[in-house]
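Have a look at the structure below, then the notes.
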Amino acid sequence: MDNYCSVCGTLNEPEYKYCKNCGAKLVNDNENEASESSSNNTYINPEKIIVDTIDGVPSEEMAIFIGKKAVEIMPKFSKMAISNSKVSWCWPAALLGIFFGPIGSALWFFYRKMYKPAVILTLIGSLLTILTSILTFNTTSSAFDLFAEAFTNGKFDEAINSLANADLSTTIFDMLASAISDISSFLSFLLCGLFGYNTYKNHCVSKINSYKTYQGDQRYYRLGLASIGGVSGGMLAVGIIIMIGIENITSITTAIAAMLI
């Protein structure tokens, strides 16, 4: 007998008790009859909980839209729905943010086809990159690097000498640029980590509801959901190219300006 998951529609092997794609409990005919008379509206797995609907969208459709990572993401959506919370930690967006700032977090949003927040984060990251370049343009950044290295290693005499030989006013600009970079990376880590999955949940709900308005043929409905959802390796590559391009263009522009002035 076919063993289809009632949540995501995946065909599972007959001996499976839980869906290999989304983790939902597989219900046979006898269990299904019993469940119909029950008021319980959740599918319970020892490690996962998946509710029937998320913001009005059936979990089955949501899982198809998400794709392969539904087994990890659907329980997060369900917990947010149950607790009416907007917070669920998103490690991919958080780690990219702490290492590469707002543009790094934007890569995850590009990958998950959330282009509006991705573009916003990219613009913020670009502006911050330009700002830090302006602040450190033609400054004594090398002296500041020597100071930071000596201070970190406990060589306080060398640290004081490096500052004494530097233009203090321009060294302050280096420190300010470094602080801006660190703060922006931390905020990207914190905010995208806390609210990344909530943004993705809202994106899924919006796209699925919009898709329902123009896709009337149920024969292709699931295929269409999988097509408009999922991930985009191509857009991830575009995001990486943008990130590298901004860094290179800023560095080249700064170098040319330094030679001309």
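Going by the structure tokens order, chains are called A, B, ..., each with residues numbered from 1, while ligands are numbered from 1 in the order shown.
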Exercise. Can you pull out every residue within 6 Å of Cys5 of chain A, counting only C-alpha atoms, but drop anything in the same chain fewer than 4 positions away, and send it as a PyMOL selection string?
Key: chain A and resi 9-10+26
Could you write out the selected residues, including all heavy atoms, as a tab-separated table (two decimals), in the first residue's frame?
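The result, stored in out_4.tsv:
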```
chain	number	residue	atom	x	y	z
A	9	GLY	N	3.37	15.09	1.34
A	9	GLY	CA	3.08	14.32	0.13
A	9	GLY	C	4.18	13.39	-0.32
A	9	GLY	O	4.08	12.78	-1.38
A	10	THR	N	5.26	13.25	0.45
A	10	THR	CA	6.38	12.39	0.07
A	10	THR	C	5.99	10.92	0.18
A	10	THR	O	5.36	10.50	1.15
A	10	THR	CB	7.60	12.67	0.96
A	10	THR	OG1	7.97	14.03	0.81
A	10	THR	CG2	8.77	11.78	0.59
A	26	LEU	N	3.42	9.22	10.02
A	26	LEU	CA	2.66	8.64	8.92
A	26	LEU	C	1.45	7.91	9.49
A	26	LEU	O	1.58	7.11	10.42
A	26	LEU	CB	3.54	7.68	8.11
A	26	LEU	CG	4.78	8.33	7.47
A	26	LEU	CD1	5.66	7.28	6.84
A	26	LEU	CD2	4.36	9.37	6.44
```
Quiz item: Can you tell me, as number ranges by chain, what residues are no more than 9 Å from segment 72-89 of chain A when counting only C-alpha atoms, ignoring any on the same chain fewer than 3 positions away?
Solution: A: 22-23, 48-55, 59, 62-63, 66, 68-69, 94, 192-199, 201
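Taking only C-alpha atoms into account, Val57 of chain A lies nearest to A:Cys204 out of the set A:Ile134, A:Leu128, A:Leu225, A:Cys204.
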Exercise. Pick out the residues sitting within 12 Å of Leu223 of chain A, and hand them over as a ChimeraX atom specification; count only C-alpha atoms, and ignore anything fewer than 3 positions along from it in its own chain.
Key: /A:9,61,64-65,67,211,215,217-220,226-230
If you keep N, CA and C atoms, can you produce a file of those selected residues as a PDB file, in the first residue's frame?
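Below is the file that was written, part-v9.pdb:
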```
ATOM      1  N   GLY A   9       3.374  15.094   1.338  1.00  0.00           N
ATOM      2  CA  GLY A   9       3.084  14.316   0.130  1.00  0.00           C
ATOM      3  C   GLY A   9       4.185  13.394  -0.319  1.00  0.00           C
ATOM      4  N   GLU A  61       1.307  22.038   2.191  1.00  0.00           N
ATOM      5  CA  GLU A  61       1.715  22.958   1.135  1.00  0.00           C
ATOM      6  C   GLU A  61       2.986  23.706   1.527  1.00  0.00           C
ATOM      7  N   ILE A  64       6.033  21.440   1.031  1.00  0.00           N
ATOM      8  CA  ILE A  64       6.372  21.311  -0.390  1.00  0.00           C
ATOM      9  C   ILE A  64       7.083  22.566  -0.871  1.00  0.00           C
ATOM     10  N   PHE A  65       6.608  23.722  -0.454  1.00  0.00           N
ATOM     11  CA  PHE A  65       7.206  24.995  -0.856  1.00  0.00           C
ATOM     12  C   PHE A  65       8.644  25.109  -0.343  1.00  0.00           C
ATOM     13  N   GLY A  67      10.792  22.654   0.573  1.00  0.00           N
ATOM     14  CA  GLY A  67      11.696  21.699  -0.085  1.00  0.00           C
ATOM     15  C   GLY A  67      12.403  20.784   0.903  1.00  0.00           C
ATOM     16  N   TYR A 211       0.132  32.449  -5.058  1.00  0.00           N
ATOM     17  CA  TYR A 211       0.135  31.394  -6.081  1.00  0.00           C
ATOM     18  C   TYR A 211      -1.261  30.797  -6.250  1.00  0.00           C
ATOM     19  N   GLN A 215      -3.186  29.877  -9.923  1.00  0.00           N
ATOM     20  CA  GLN A 215      -3.009  28.484 -10.319  1.00  0.00           C
ATOM     21  C   GLN A 215      -4.266  27.715  -9.958  1.00  0.00           C
ATOM     22  N   ASP A 217      -5.345  24.911 -11.739  1.00  0.00           N
ATOM     23  CA  ASP A 217      -5.246  23.505 -12.134  1.00  0.00           C
ATOM     24  C   ASP A 217      -4.556  22.701 -11.033  1.00  0.00           C
ATOM     25  N   GLN A 218      -5.342  21.890 -10.309  1.00  0.00           N
ATOM     26  CA  GLN A 218      -4.806  21.137  -9.188  1.00  0.00           C
ATOM     27  C   GLN A 218      -3.818  20.052  -9.612  1.00  0.00           C
ATOM     28  N   ARG A 219      -3.841  19.674 -10.890  1.00  0.00           N
ATOM     29  CA  ARG A 219      -2.899  18.647 -11.359  1.00  0.00           C
ATOM     30  C   ARG A 219      -1.454  19.119 -11.253  1.00  0.00           C
ATOM     31  N   TYR A 220      -1.247  20.420 -11.379  1.00  0.00           N
ATOM     32  CA  TYR A 220       0.116  20.966 -11.365  1.00  0.00           C
ATOM     33  C   TYR A 220       0.384  21.828 -10.136  1.00  0.00           C
ATOM     34  N   ALA A 226       6.543  23.652  -5.545  1.00  0.00           N
ATOM     35  CA  ALA A 226       7.961  23.292  -5.441  1.00  0.00           C
ATOM     36  C   ALA A 226       8.823  24.183  -6.315  1.00  0.00           C
ATOM     37  N   SER A 227       8.256  24.619  -7.451  1.00  0.00           N
ATOM     38  CA  SER A 227       9.022  25.445  -8.382  1.00  0.00           C
ATOM     39  C   SER A 227       9.230  26.864  -7.867  1.00  0.00           C
ATOM     40  N   ILE A 228       8.173  27.477  -7.331  1.00  0.00           N
ATOM     41  CA  ILE A 228       8.316  28.862  -6.858  1.00  0.00           C
ATOM     42  C   ILE A 228       8.995  28.925  -5.496  1.00  0.00           C
ATOM     43  N   GLY A 229       9.009  27.798  -4.786  1.00  0.00           N
ATOM     44  CA  GLY A 229       9.669  27.743  -3.487  1.00  0.00           C
ATOM     45  C   GLY A 229      11.076  27.186  -3.605  1.00  0.00           C
ATOM     46  N   GLY A 230      11.496  26.480  -2.562  1.00  0.00           N
ATOM     47  CA  GLY A 230      12.825  25.880  -2.585  1.00  0.00           C
ATOM     48  C   GLY A 230      13.930  26.916  -2.472  1.00  0.00           C
TER      49      GLY A 230
END
```
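For segment 13-253 of chain A, the set of residues given strand (DSSP E or B) by DSSP on the backbone reads Tyr18, Lys25, Thr42, Tyr43, Ile44, Ile49, Ile50, Val51, Thr53, Ile54, Val57 and Pro58 of chain A.
Between atom CA of Ser178 of chain A and atom CA of Ala106 of chain A the interatomic distance comes to 20.9 Å.
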Quiz item: In segment 200-252 of chain A, what's alpha helix (DSSP H) per DSSP? Answer as an MDAnalysis selection string?
Solution: chainID A and resid 200:214 221:228 233:252
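Candidate residues A:Tyr200, A:Ser6, A:Pro14, A:Ser181 were compared for distance to Lys116 of chain A, and the nearest is A:Tyr200, using only C-alpha atoms.
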Quiz item: Near Ile130 of chain A, counting only C-alpha atoms, which residues have an atom at most 12 Å away, once you skip same-chain residues fewer than 2 positions from it, shown as a PyMOL selection string?
Solution: chain A and resi 123-128+132-137+177+180-181+246-254
Please save N, CA, C and O atoms of the selected residues as a CSV table (one decimal), in the first residue's frame.
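Final output, part_34.csv:
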```csv
chain,number,residue,atom,x,y,z
A,123,LEU,N,22.2,46.6,0.2
A,123,LEU,CA,22.4,48.1,0.1
A,123,LEU,C,23.0,48.6,1.4
A,123,LEU,O,23.9,49.5,1.4
A,124,ILE,N,22.5,48.1,2.6
A,124,ILE,CA,23.0,48.6,3.9
A,124,ILE,C,24.5,48.2,4.0
A,124,ILE,O,25.4,49.0,4.4
A,125,GLY,N,24.8,47.0,3.6
A,125,GLY,CA,26.2,46.5,3.7
A,125,GLY,C,27.1,47.3,2.7
A,125,GLY,O,28.3,47.7,3.1
A,126,SER,N,26.6,47.7,1.6
A,126,SER,CA,27.4,48.5,0.6
A,126,SER,C,27.7,49.9,1.1
A,126,SER,O,28.8,50.4,1.0
A,127,LEU,N,26.7,50.5,1.7
A,127,LEU,CA,26.8,51.8,2.3
A,127,LEU,C,27.8,51.8,3.4
A,127,LEU,O,28.7,52.7,3.5
A,128,LEU,N,27.8,50.8,4.2
A,128,LEU,CA,28.7,50.7,5.4
A,128,LEU,C,30.1,50.5,4.9
A,128,LEU,O,31.1,51.0,5.4
A,132,THR,N,33.2,53.1,5.7
A,132,THR,CA,34.4,52.7,6.4
A,132,THR,C,35.6,53.0,5.5
A,132,THR,O,36.7,53.3,6.0
A,133,SER,N,35.4,52.9,4.2
A,133,SER,CA,36.5,53.2,3.3
A,133,SER,C,36.8,54.7,3.3
A,133,SER,O,38.0,55.1,3.2
A,134,ILE,N,35.8,55.5,3.3
A,134,ILE,CA,36.0,56.9,3.4
A,134,ILE,C,36.7,57.3,4.7
A,134,ILE,O,37.6,58.2,4.7
A,135,LEU,N,36.3,56.7,5.8
A,135,LEU,CA,36.8,57.0,7.1
A,135,LEU,C,38.3,56.6,7.2
A,135,LEU,O,39.1,57.3,7.8
A,136,THR,N,38.7,55.6,6.5
A,136,THR,CA,40.1,55.1,6.6
A,136,THR,C,40.9,55.6,5.4
A,136,THR,O,42.1,55.2,5.3
A,137,PHE,N,40.3,56.4,4.5
A,137,PHE,CA,41.0,56.8,3.3
A,137,PHE,C,42.2,57.8,3.7
A,137,PHE,O,42.0,58.7,4.4
A,177,ALA,N,36.0,53.4,12.1
A,177,ALA,CA,35.7,52.5,11.0
A,177,ALA,C,35.6,51.0,11.5
A,177,ALA,O,34.7,50.3,11.2
A,180,ILE,N,32.4,50.5,13.6
A,180,ILE,CA,31.2,50.4,12.7
A,180,ILE,C,31.2,49.1,12.1
A,180,ILE,O,30.1,48.4,12.0
A,181,SER,N,32.3,48.5,11.6
A,181,SER,CA,32.3,47.2,11.0
A,181,SER,C,31.9,46.1,12.0
A,181,SER,O,31.1,45.2,11.7
A,246,ILE,N,31.7,44.5,-4.6
A,246,ILE,CA,31.7,45.8,-3.8
A,246,ILE,C,33.0,46.0,-3.1
A,246,ILE,O,33.5,47.1,-3.1
A,247,GLU,N,33.5,44.9,-2.5
A,247,GLU,CA,34.8,45.0,-1.8
A,247,GLU,C,35.9,45.4,-2.8
A,247,GLU,O,36.7,46.3,-2.5
A,248,ASN,N,36.0,44.8,-4.0
A,248,ASN,CA,37.0,45.1,-4.9
A,248,ASN,C,36.9,46.5,-5.5
A,248,ASN,O,37.9,47.2,-5.6
A,249,ILE,N,35.7,46.9,-5.8
A,249,ILE,CA,35.5,48.2,-6.4
A,249,ILE,C,35.9,49.3,-5.4
A,249,ILE,O,36.5,50.3,-5.7
A,250,THR,N,35.5,49.1,-4.1
A,250,THR,CA,35.8,50.0,-3.1
A,250,THR,C,37.3,50.1,-2.9
A,250,THR,O,37.9,51.2,-2.8
A,251,SER,N,38.0,49.0,-2.9
A,251,SER,CA,39.5,48.9,-2.7
A,251,SER,C,40.2,49.6,-3.9
A,251,SER,O,41.1,50.4,-3.7
A,252,ILE,N,39.7,49.3,-5.1
A,252,ILE,CA,40.4,49.9,-6.3
A,252,ILE,C,40.2,51.4,-6.3
A,252,ILE,O,41.1,52.2,-6.6
A,253,THR,N,38.9,51.9,-6.0
A,253,THR,CA,38.6,53.3,-6.0
A,253,THR,C,39.5,54.0,-5.0
A,253,THR,O,40.0,55.1,-5.2
A,254,THR,N,39.6,53.4,-3.8
A,254,THR,CA,40.4,54.0,-2.7
A,254,THR,C,41.9,54.1,-3.1
A,254,THR,O,42.5,55.2,-2.9
```
Quiz item: What is the atom CA of Gly101 of chain A to atom CA of Ile183 of chain A distance in Å?
Solution: 8.9 Å
Practice problem: Check the smallest atom-to-atom distance from each of A:Leu121, A:Ile160, A:Val27, A:Leu190 to Trp91 of chain A using only C-alpha atoms, then report the winner. | Solution: A:Leu190
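For the atom pair formed by atom CA of Tyr16 of chain A and atom CA of Tyr4 of chain A, the distance is 10.3 Å, given to one decimal.
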